[in-house]
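Taking it in order: structure first as structure tokens, then the write-up.
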Amino acid sequence: MKKRKIMPYLFISPFFILYLIFGLYPAVSGVFLSFQDKAGQFTFANYQNVFADARFHKAISNAFFYMLGSMFIILPLALGAALMLNSRYMERKRGFVSTVFFMPNVTSVVVVGIVFKLVLRTNNGLLNIMLDTVSGGRLGPIKFLKDPDWALFSLLIIGTWKFFGVNSLYFLSGIQGIPSELGEAARIDGASRWKEFRYITLPLLKPIAKFITFICIVGSFSIFGEVLTLVGNSNAVGARDSMLYPMVYLYNLMFKNVKMNQAAAMGYVIAVILLLITGVQRWLFRDKE
Amino acid sequence: MRKKLAAAMAAAMMATTALGGMTVSAGEQQEIVIWTFVQTHADYFEWVTSEYEKLHPEVTFTIEVMENVALQDRMIVVNSSGGEESPDLVDIEQNAFSRYMTEETMMFQPLNELMERDGILDKIVEARLQLYSWNDNYYGLEHALCPVTMAYRQDLFEEYGIEVPTTWEEYKAAAAAFAEHDIYMGGVRDMSIEMPNELRALLIASGEDYIGEDGTVNITDDFKSVTEDYRDLQNDGMFYTYETDEEMWAMMAENKIATYFAADWAAGWLRDNVPEQSGKWKMAPYPKYKEDSSAVGVSGGTGLCMSKYSNADQETLWDFMKFAMVDKDNCVKRYELVSLYPPVYEAMEECNTPIEYYGGQNLGELWQSLAEEIPAQRQADWKTTFMETFSMNAFDYMEGNIDTDEFCVLITEAVDDFNASK
């Protein structure tokens with residue numbers, strides 16, 4: 001009898017043991033670290049430094065820009081692609097197209113970074129060659145990765161390529177979960193395609209849209225590998241810090257500037273910002289009576 | 001029974017912990033762990049450790065190769081965890097050394113006493129030791145001399161009747177002359193992204209390095225002038241500027257680049273990337289910026305450092321360091337194996353052999369003749385901040401949105417802020 005009670009706990013214990021060691025302990029230890037100076041004395045200075053740091057503000061604003069870009073560029077495109085995939089014309093090709101859509105998501109971030117560096121570079125970059133050909137030489141080479149005004153968009157281009165496909169598959173799964181009777185009933189009642197989409201498909205996609213926007217928000221604040229590969233092993237994170245993102249800055253602060261305590265404080269500030277944003281997101285996606 | 005088992009396990013754990021923290025004495029069996037970040041160094045370590053093991057059977061080695069950033073990050077983690085999993089010896093790339101220049105992060109053994117005792121300071125080019133110095137202590141032994149000289153396309157200079165420059169003014173004049181023939185004077189990493197290595201090499205050779213002798217930021221009028229020259233050479237299209245290295249090699253293959261500033265470790269890159277140009281390249285001293293400037297620049301470097309967390313016998317570690325980094329025969333062998341020209345005086349002579357790719361020119365002789373002139377590469381804990389601020393504002397500087405004075409003020413202020421936050 002006693003054995004039977006212990007066994008379930010034993011089965012689930014590996015996860016909790018690993019979580020305690022590699023999840024909870026570092027998190028709690030990080031809190032202590034963030035409130036200590038180099039000598040181990042209690043201080044608020046690390047948080048004060050983070051809040052007063054102009055580069056941190058820049059990193060957060062870059063992440064916000066990317067987040068908005070993800071929501072208003074990548075997600076609408078993904079939704080459009082999902083609707084297209086769901087159409088009866090695509091029925092026989094759906095498997096193949098879905099696989100193609102999913103491939104960027106499983107491509108190593110390092111490979112993505114290296115390839116896009118070749119695509120986006122100023123001299124003989126693939127995109128610049130294409131623009132030059134299309135415009136008949138009228139469009140001069142664009143400094144996609146060097147010009148701060150372009151660097152943000154360049155990262156969005158990479159993000160679109162990498163995440164558009166998988167998000168469209170999420171949307172597709174949501175669309176396929178909507179009972180077909182609802183659409184049929186609406187059409188019998190004379191609803192147009194647009195009205196069917198606006199009043200049936202879109203509201204019923206809310207749960208999946210909530211999940212996808214959450215992923216977008218977290219992803220925007222977690223950009224790391226792409227930037228690190230694009231800038232290489234250098235101190236440069238784009239002109240005017242145009243490619244400085246929260247995780248990149250946190251990493252640089254910890255390992256390049258060796259400001260461990262401040263980096264810990266920054267980690268917690270980022271976590272709180274993310275909590276606030278997701279709180280707003282949950283409120284916007286709340287079920288209305 | 002259960003109690004006995006628990007006691008035995010506790011005893012075993014205590015013994016393991018105690019043994020793990022014990023320092024090994026000379027003559028005892030010991031395993032030395034070396035971390036390095038580049039395969040060429042690993043290749044040399046493989047050879048030199050096997051030679052050392054023949055002479056000292058009680059010592060065995062483990063060589064771990066990892067990517068440079070990963071190695072430096074792991075070192076920071078090792079230090080933060082009080083030395084857990086620390087290597088005994090580690091290759092520190094000179095750019096990363098500034099990370100360790102604080103009381104909290106300095107995790108290497110000072111080598112001054114050992115160096116003085118064994119007369120090492122007289123054997124190595126002193127400027128190459130300063131790279132790994134902090135608070136009057138030396139922490140590493142350098143792998144290579146790293147002299148930066150000017151490789152040039154002899155055929156192009158002859159074809160267009162342009163003199164090989166010996167001064168910076170002549171260099172700029174030659175650049176203008178080559179531009180008329182649609183040929184770039186040099187290929188450098190785009191300065192709107194970060195400070196090119198070549199610019200720092202020129203600053204160091206000119207005696208205008210941004211790190212002053214006292215370790216403070218040193219922005220002089222000559223610093224500004226050299227930086228402006230680089231900006232103008234790039235903006236006026238006399239330098240081919242690249243974002244990725246392959247771009248430059250492609251341009252070079254098209255015979256569009258006339259000179260190339262290279263340290264000893266990069267001299268072979270020409271042979272590897274444009275082998276068809278064998279015999280067309282020659283090497284010359286660095287164009288002097290001023291009369292009293294050095295005719296050689298300096299770039300790069302890696303020092304072998306001894307971890308202060310090592311449990312191995314310190315004398316054994318030091319003995320191996322001398323064997324691998326200072327011993328004449330081994331330095332010569334290293335040059336043969338991986339083409340790193342030794343910073344050790346007595347080994348230089350034997351490394352001076354004609355190089356076929358450079359038309360039979362004896363590069364070693366050139367480097368040896370310049371060894372005494374090699375300027376010091378200074379280190380400062382604010383170096384990362386300097387480089388970050390330079391990179392952050394370089395685009396605006398290159399585009400003319402800010403002038404040289406404003407650019408330098410931004411950098412100086414950032415360094416001052418860093419120093420104030422210490």
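Within each chain, counting starts at residue 1; across the structure tokens, chains are named A, B, ... in the order shown, with ligands numbered 1 upward in that order.
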Next item on the list: Write out as number ranges by chain the residues lying within 10 Å of Ile114 (chain A), counting only C-alpha atoms and excluding same-chain residues fewer than 2 positions away.
Entry: A: 109-112, 116-119, 226, 229-232; B: 244
Checklist line | Counting only C-alpha atoms, chain B residues within 10 Å of chain A, as an MDAnalysis selection string | finding: chainID B and resid 68:69 72:77 80 95:96 98:100 102 104:105 190 192:195 240:244 246:247 381:396 399 418 421:422
Note to self: Please list as a ChimeraX atom specification every residue within 12 Å of Phe72 (chain A), counting only C-alpha atoms and excluding residues in the same chain fewer than 3 positions away.
What the structure shows: /A:65-69,75-79,156,160,164,213,216
Note to self: Based on the backbone DSSP call, show me all residues of region 136-265 of chain B assigned helix (DSSP H, G or I), as a PyMOL selection string.
What the structure shows: chain B and resi 154-159+168-179+197-205+221-235+245-253+264-265
Could you turn the residues from that selection into a file that holds N, CA and C atoms, as a short mmCIF file (atom, residue, chain, number, x, y, z; two decimals), in the first residue's frame?
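Result went into again_39.cif, see below:
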```cif
data_model
loop_
_atom_site.label_atom_id
_atom_site.label_comp_id
_atom_site.auth_asym_id
_atom_site.auth_seq_id
_atom_site.Cartn_x
_atom_site.Cartn_y
_atom_site.Cartn_z
N GLN B 154 54.18 43.04 -56.05
CA GLN B 154 55.34 43.61 -56.75
C GLN B 154 55.03 43.86 -58.23
N ASP B 155 54.30 42.91 -58.84
CA ASP B 155 54.01 43.04 -60.27
C ASP B 155 53.15 44.27 -60.56
N LEU B 156 52.16 44.54 -59.68
CA LEU B 156 51.29 45.70 -59.91
C LEU B 156 52.05 47.00 -59.71
N PHE B 157 52.89 47.05 -58.68
CA PHE B 157 53.68 48.27 -58.44
C PHE B 157 54.59 48.54 -59.65
N GLU B 158 55.19 47.47 -60.18
CA GLU B 158 56.09 47.63 -61.33
C GLU B 158 55.31 48.02 -62.59
N GLU B 159 54.18 47.36 -62.78
CA GLU B 159 53.37 47.60 -63.98
C GLU B 159 52.93 49.06 -64.08
N TRP B 168 53.82 56.78 -44.43
CA TRP B 168 52.35 56.82 -44.53
C TRP B 168 51.92 57.80 -45.63
N GLU B 169 52.63 58.90 -45.77
CA GLU B 169 52.30 59.86 -46.83
C GLU B 169 52.48 59.22 -48.21
N GLU B 170 53.58 58.47 -48.35
CA GLU B 170 53.81 57.76 -49.63
C GLU B 170 52.72 56.72 -49.86
N TYR B 171 52.30 56.10 -48.78
CA TYR B 171 51.25 55.08 -48.88
C TYR B 171 49.97 55.69 -49.44
N LYS B 172 49.61 56.88 -48.91
CA LYS B 172 48.38 57.55 -49.36
C LYS B 172 48.53 57.99 -50.83
N ALA B 173 49.74 58.44 -51.17
CA ALA B 173 49.97 58.86 -52.55
C ALA B 173 49.86 57.66 -53.50
N ALA B 174 50.42 56.52 -53.07
CA ALA B 174 50.33 55.30 -53.89
C ALA B 174 48.88 54.86 -54.03
N ALA B 175 48.11 55.04 -52.94
CA ALA B 175 46.69 54.67 -52.98
C ALA B 175 45.96 55.49 -54.04
N ALA B 176 46.28 56.78 -54.07
CA ALA B 176 45.64 57.66 -55.06
C ALA B 176 46.05 57.25 -56.48
N ALA B 177 47.32 56.88 -56.64
CA ALA B 177 47.80 56.47 -57.97
C ALA B 177 47.13 55.16 -58.42
N PHE B 178 47.00 54.21 -57.51
CA PHE B 178 46.34 52.95 -57.87
C PHE B 178 44.86 53.16 -58.18
N ALA B 179 44.25 54.12 -57.46
CA ALA B 179 42.81 54.37 -57.68
C ALA B 179 42.55 54.77 -59.13
N ASN B 197 41.50 45.94 -37.63
CA ASN B 197 42.76 45.57 -36.98
C ASN B 197 43.92 46.39 -37.53
N GLU B 198 43.84 46.67 -38.85
CA GLU B 198 44.93 47.39 -39.50
C GLU B 198 45.08 48.80 -38.94
N LEU B 199 43.96 49.40 -38.58
CA LEU B 199 44.02 50.76 -38.01
C LEU B 199 44.71 50.73 -36.65
N ARG B 200 44.35 49.74 -35.84
CA ARG B 200 45.00 49.69 -34.52
C ARG B 200 46.49 49.41 -34.69
N ALA B 201 46.83 48.54 -35.65
CA ALA B 201 48.24 48.23 -35.89
C ALA B 201 49.00 49.50 -36.28
N LEU B 202 48.37 50.32 -37.13
CA LEU B 202 49.01 51.57 -37.55
C LEU B 202 49.15 52.53 -36.36
N LEU B 203 48.10 52.60 -35.54
CA LEU B 203 48.16 53.48 -34.37
C LEU B 203 49.28 53.04 -33.42
N ILE B 204 49.39 51.73 -33.24
CA ILE B 204 50.42 51.22 -32.33
C ILE B 204 51.81 51.52 -32.91
N ALA B 205 51.95 51.26 -34.21
CA ALA B 205 53.26 51.51 -34.85
C ALA B 205 53.63 52.99 -34.77
N ASP B 221 46.11 64.11 -31.07
CA ASP B 221 45.85 64.68 -32.39
C ASP B 221 46.25 63.70 -33.50
N ASP B 222 47.36 62.99 -33.26
CA ASP B 222 47.79 62.02 -34.26
C ASP B 222 46.80 60.85 -34.36
N PHE B 223 46.23 60.46 -33.22
CA PHE B 223 45.20 59.41 -33.23
C PHE B 223 44.06 59.86 -34.16
N LYS B 224 43.65 61.11 -33.96
CA LYS B 224 42.55 61.64 -34.78
C LYS B 224 42.94 61.70 -36.26
N SER B 225 44.18 62.11 -36.49
CA SER B 225 44.64 62.25 -37.87
C SER B 225 44.69 60.89 -38.58
N VAL B 226 45.22 59.88 -37.89
CA VAL B 226 45.30 58.53 -38.47
C VAL B 226 43.89 57.99 -38.73
N THR B 227 43.00 58.21 -37.78
CA THR B 227 41.62 57.73 -37.93
C THR B 227 40.95 58.41 -39.12
N GLU B 228 41.19 59.70 -39.26
CA GLU B 228 40.62 60.43 -40.40
C GLU B 228 41.17 59.91 -41.72
N ASP B 229 42.47 59.62 -41.74
CA ASP B 229 43.08 59.06 -42.96
C ASP B 229 42.38 57.76 -43.36
N TYR B 230 42.14 56.91 -42.36
CA TYR B 230 41.48 55.64 -42.64
C TYR B 230 40.07 55.86 -43.16
N ARG B 231 39.38 56.81 -42.52
CA ARG B 231 38.01 57.12 -42.95
C ARG B 231 38.03 57.59 -44.42
N ASP B 232 38.97 58.48 -44.72
CA ASP B 232 39.01 59.04 -46.08
C ASP B 232 39.41 57.99 -47.11
N LEU B 233 40.37 57.15 -46.75
CA LEU B 233 40.79 56.10 -47.69
C LEU B 233 39.62 55.17 -48.01
N GLN B 234 38.80 54.91 -46.99
CA GLN B 234 37.63 54.07 -47.21
C GLN B 234 36.56 54.81 -48.01
N ASN B 235 36.24 56.02 -47.56
CA ASN B 235 35.16 56.76 -48.23
C ASN B 235 35.52 57.18 -49.65
N ASP B 245 34.99 38.08 -44.81
CA ASP B 245 36.35 37.90 -45.34
C ASP B 245 36.39 37.44 -46.80
N GLU B 246 35.44 36.57 -47.17
CA GLU B 246 35.48 35.99 -48.53
C GLU B 246 35.45 37.07 -49.60
N GLU B 247 34.74 38.18 -49.27
CA GLU B 247 34.62 39.27 -50.25
C GLU B 247 36.01 39.75 -50.67
N MET B 248 36.88 39.89 -49.64
CA MET B 248 38.19 40.45 -49.95
C MET B 248 39.02 39.48 -50.79
N TRP B 249 38.94 38.19 -50.46
CA TRP B 249 39.74 37.23 -51.23
C TRP B 249 39.30 37.19 -52.68
N ALA B 250 37.97 37.34 -52.89
CA ALA B 250 37.46 37.35 -54.26
C ALA B 250 38.02 38.56 -55.02
N MET B 251 38.04 39.70 -54.34
CA MET B 251 38.55 40.93 -54.96
C MET B 251 40.05 40.78 -55.23
N MET B 252 40.74 40.14 -54.30
CA MET B 252 42.18 39.95 -54.46
C MET B 252 42.47 39.03 -55.65
N ALA B 253 41.61 38.02 -55.78
CA ALA B 253 41.81 37.08 -56.89
C ALA B 253 41.65 37.78 -58.24
N ASP B 264 52.59 37.68 -38.85
CA ASP B 264 53.17 36.39 -39.25
C ASP B 264 52.12 35.29 -39.38
N TRP B 265 51.16 35.31 -38.47
CA TRP B 265 50.15 34.25 -38.49
C TRP B 265 49.18 34.39 -39.67
#
```
Item checked: Non-local contacts of region 302-311 of chain B (6 Å; only C-alpha atoms; under 4 positions in same chain excluded) as a list in words ->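 With the cut-off at 6 Å, the set is Thr23, Gly83, Asp88, Leu89, Val90, Asp91, Ile92, Glu93, Gln94, Met107, Phe108, Gln109, Tyr139, Gly140, Leu141, Glu142 and His143 of chain B.
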For the selection you just gave me, I'd like the residues written to a file as a short mmCIF file (atom, residue, chain, number, x, y, z; two decimals), in the first residue's frame, keeping N, CA and C atoms.
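See selection-v5.cif below for the written result:
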```cif
data_model
loop_
_atom_site.label_atom_id
_atom_site.label_comp_id
_atom_site.auth_asym_id
_atom_site.auth_seq_id
_atom_site.Cartn_x
_atom_site.Cartn_y
_atom_site.Cartn_z
N THR B 23 46.60 19.47 -3.85
CA THR B 23 47.59 19.87 -4.83
C THR B 23 48.58 18.73 -5.02
N GLY B 83 36.57 28.17 -9.32
CA GLY B 83 37.62 27.33 -9.89
C GLY B 83 37.20 25.93 -10.27
N ASP B 88 44.43 23.55 -16.25
CA ASP B 88 45.68 23.94 -15.59
C ASP B 88 46.37 25.04 -16.38
N LEU B 89 46.36 24.86 -17.68
CA LEU B 89 46.95 25.87 -18.57
C LEU B 89 45.92 26.25 -19.61
N VAL B 90 45.94 27.51 -20.00
CA VAL B 90 44.92 27.93 -20.95
C VAL B 90 45.49 29.00 -21.89
N ASP B 91 45.09 28.89 -23.16
CA ASP B 91 45.46 29.89 -24.16
C ASP B 91 44.49 31.06 -24.06
N ILE B 92 45.02 32.25 -23.80
CA ILE B 92 44.15 33.43 -23.74
C ILE B 92 44.47 34.33 -24.93
N GLU B 93 43.47 34.52 -25.76
CA GLU B 93 43.64 35.42 -26.91
C GLU B 93 43.73 36.84 -26.38
N GLN B 94 44.67 37.63 -26.93
CA GLN B 94 44.97 38.93 -26.31
C GLN B 94 43.76 39.86 -26.19
N MET B 107 42.35 35.36 -12.83
CA MET B 107 42.37 33.96 -12.41
C MET B 107 43.64 33.23 -12.86
N PHE B 108 44.70 34.02 -13.12
CA PHE B 108 45.95 33.40 -13.53
C PHE B 108 47.06 33.67 -12.52
N GLN B 109 48.03 32.80 -12.55
CA GLN B 109 49.17 32.96 -11.65
C GLN B 109 50.13 34.01 -12.20
N TYR B 139 51.36 37.51 -16.87
CA TYR B 139 50.50 36.35 -16.64
C TYR B 139 50.56 35.31 -17.76
N GLY B 140 51.27 35.60 -18.84
CA GLY B 140 51.25 34.64 -19.94
C GLY B 140 52.52 34.64 -20.76
N LEU B 141 52.75 33.53 -21.45
CA LEU B 141 53.87 33.43 -22.39
C LEU B 141 53.31 33.38 -23.80
N GLU B 142 53.80 34.28 -24.64
CA GLU B 142 53.25 34.49 -25.99
C GLU B 142 53.67 33.37 -26.96
N HIS B 143 52.75 33.06 -27.87
CA HIS B 143 53.04 32.05 -28.89
C HIS B 143 53.86 32.61 -30.05
#
```
Margin query: Nearest residue to Leu152 (chain A) out of A:Glu91, A:Lys210, A:Ser220, A:Asn86, using only C-alpha atoms?
Written below: A:Ser220
Check: Where in region 163-267 of chain B does DSSP assign strand (DSSP E or B), given as a ChimeraX atom specification?
Finding: /B:167,184-189,211,217,239-242,257-262
Margin query: Between B:Ile120, B:Val78, B:Val38, B:Val33, which residue has the minimum interatomic distance to Val326 (chain B), considering only C-alpha atoms?
Written below: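 For Val326 (chain B), the nearest of the given residues is B:Ile120.
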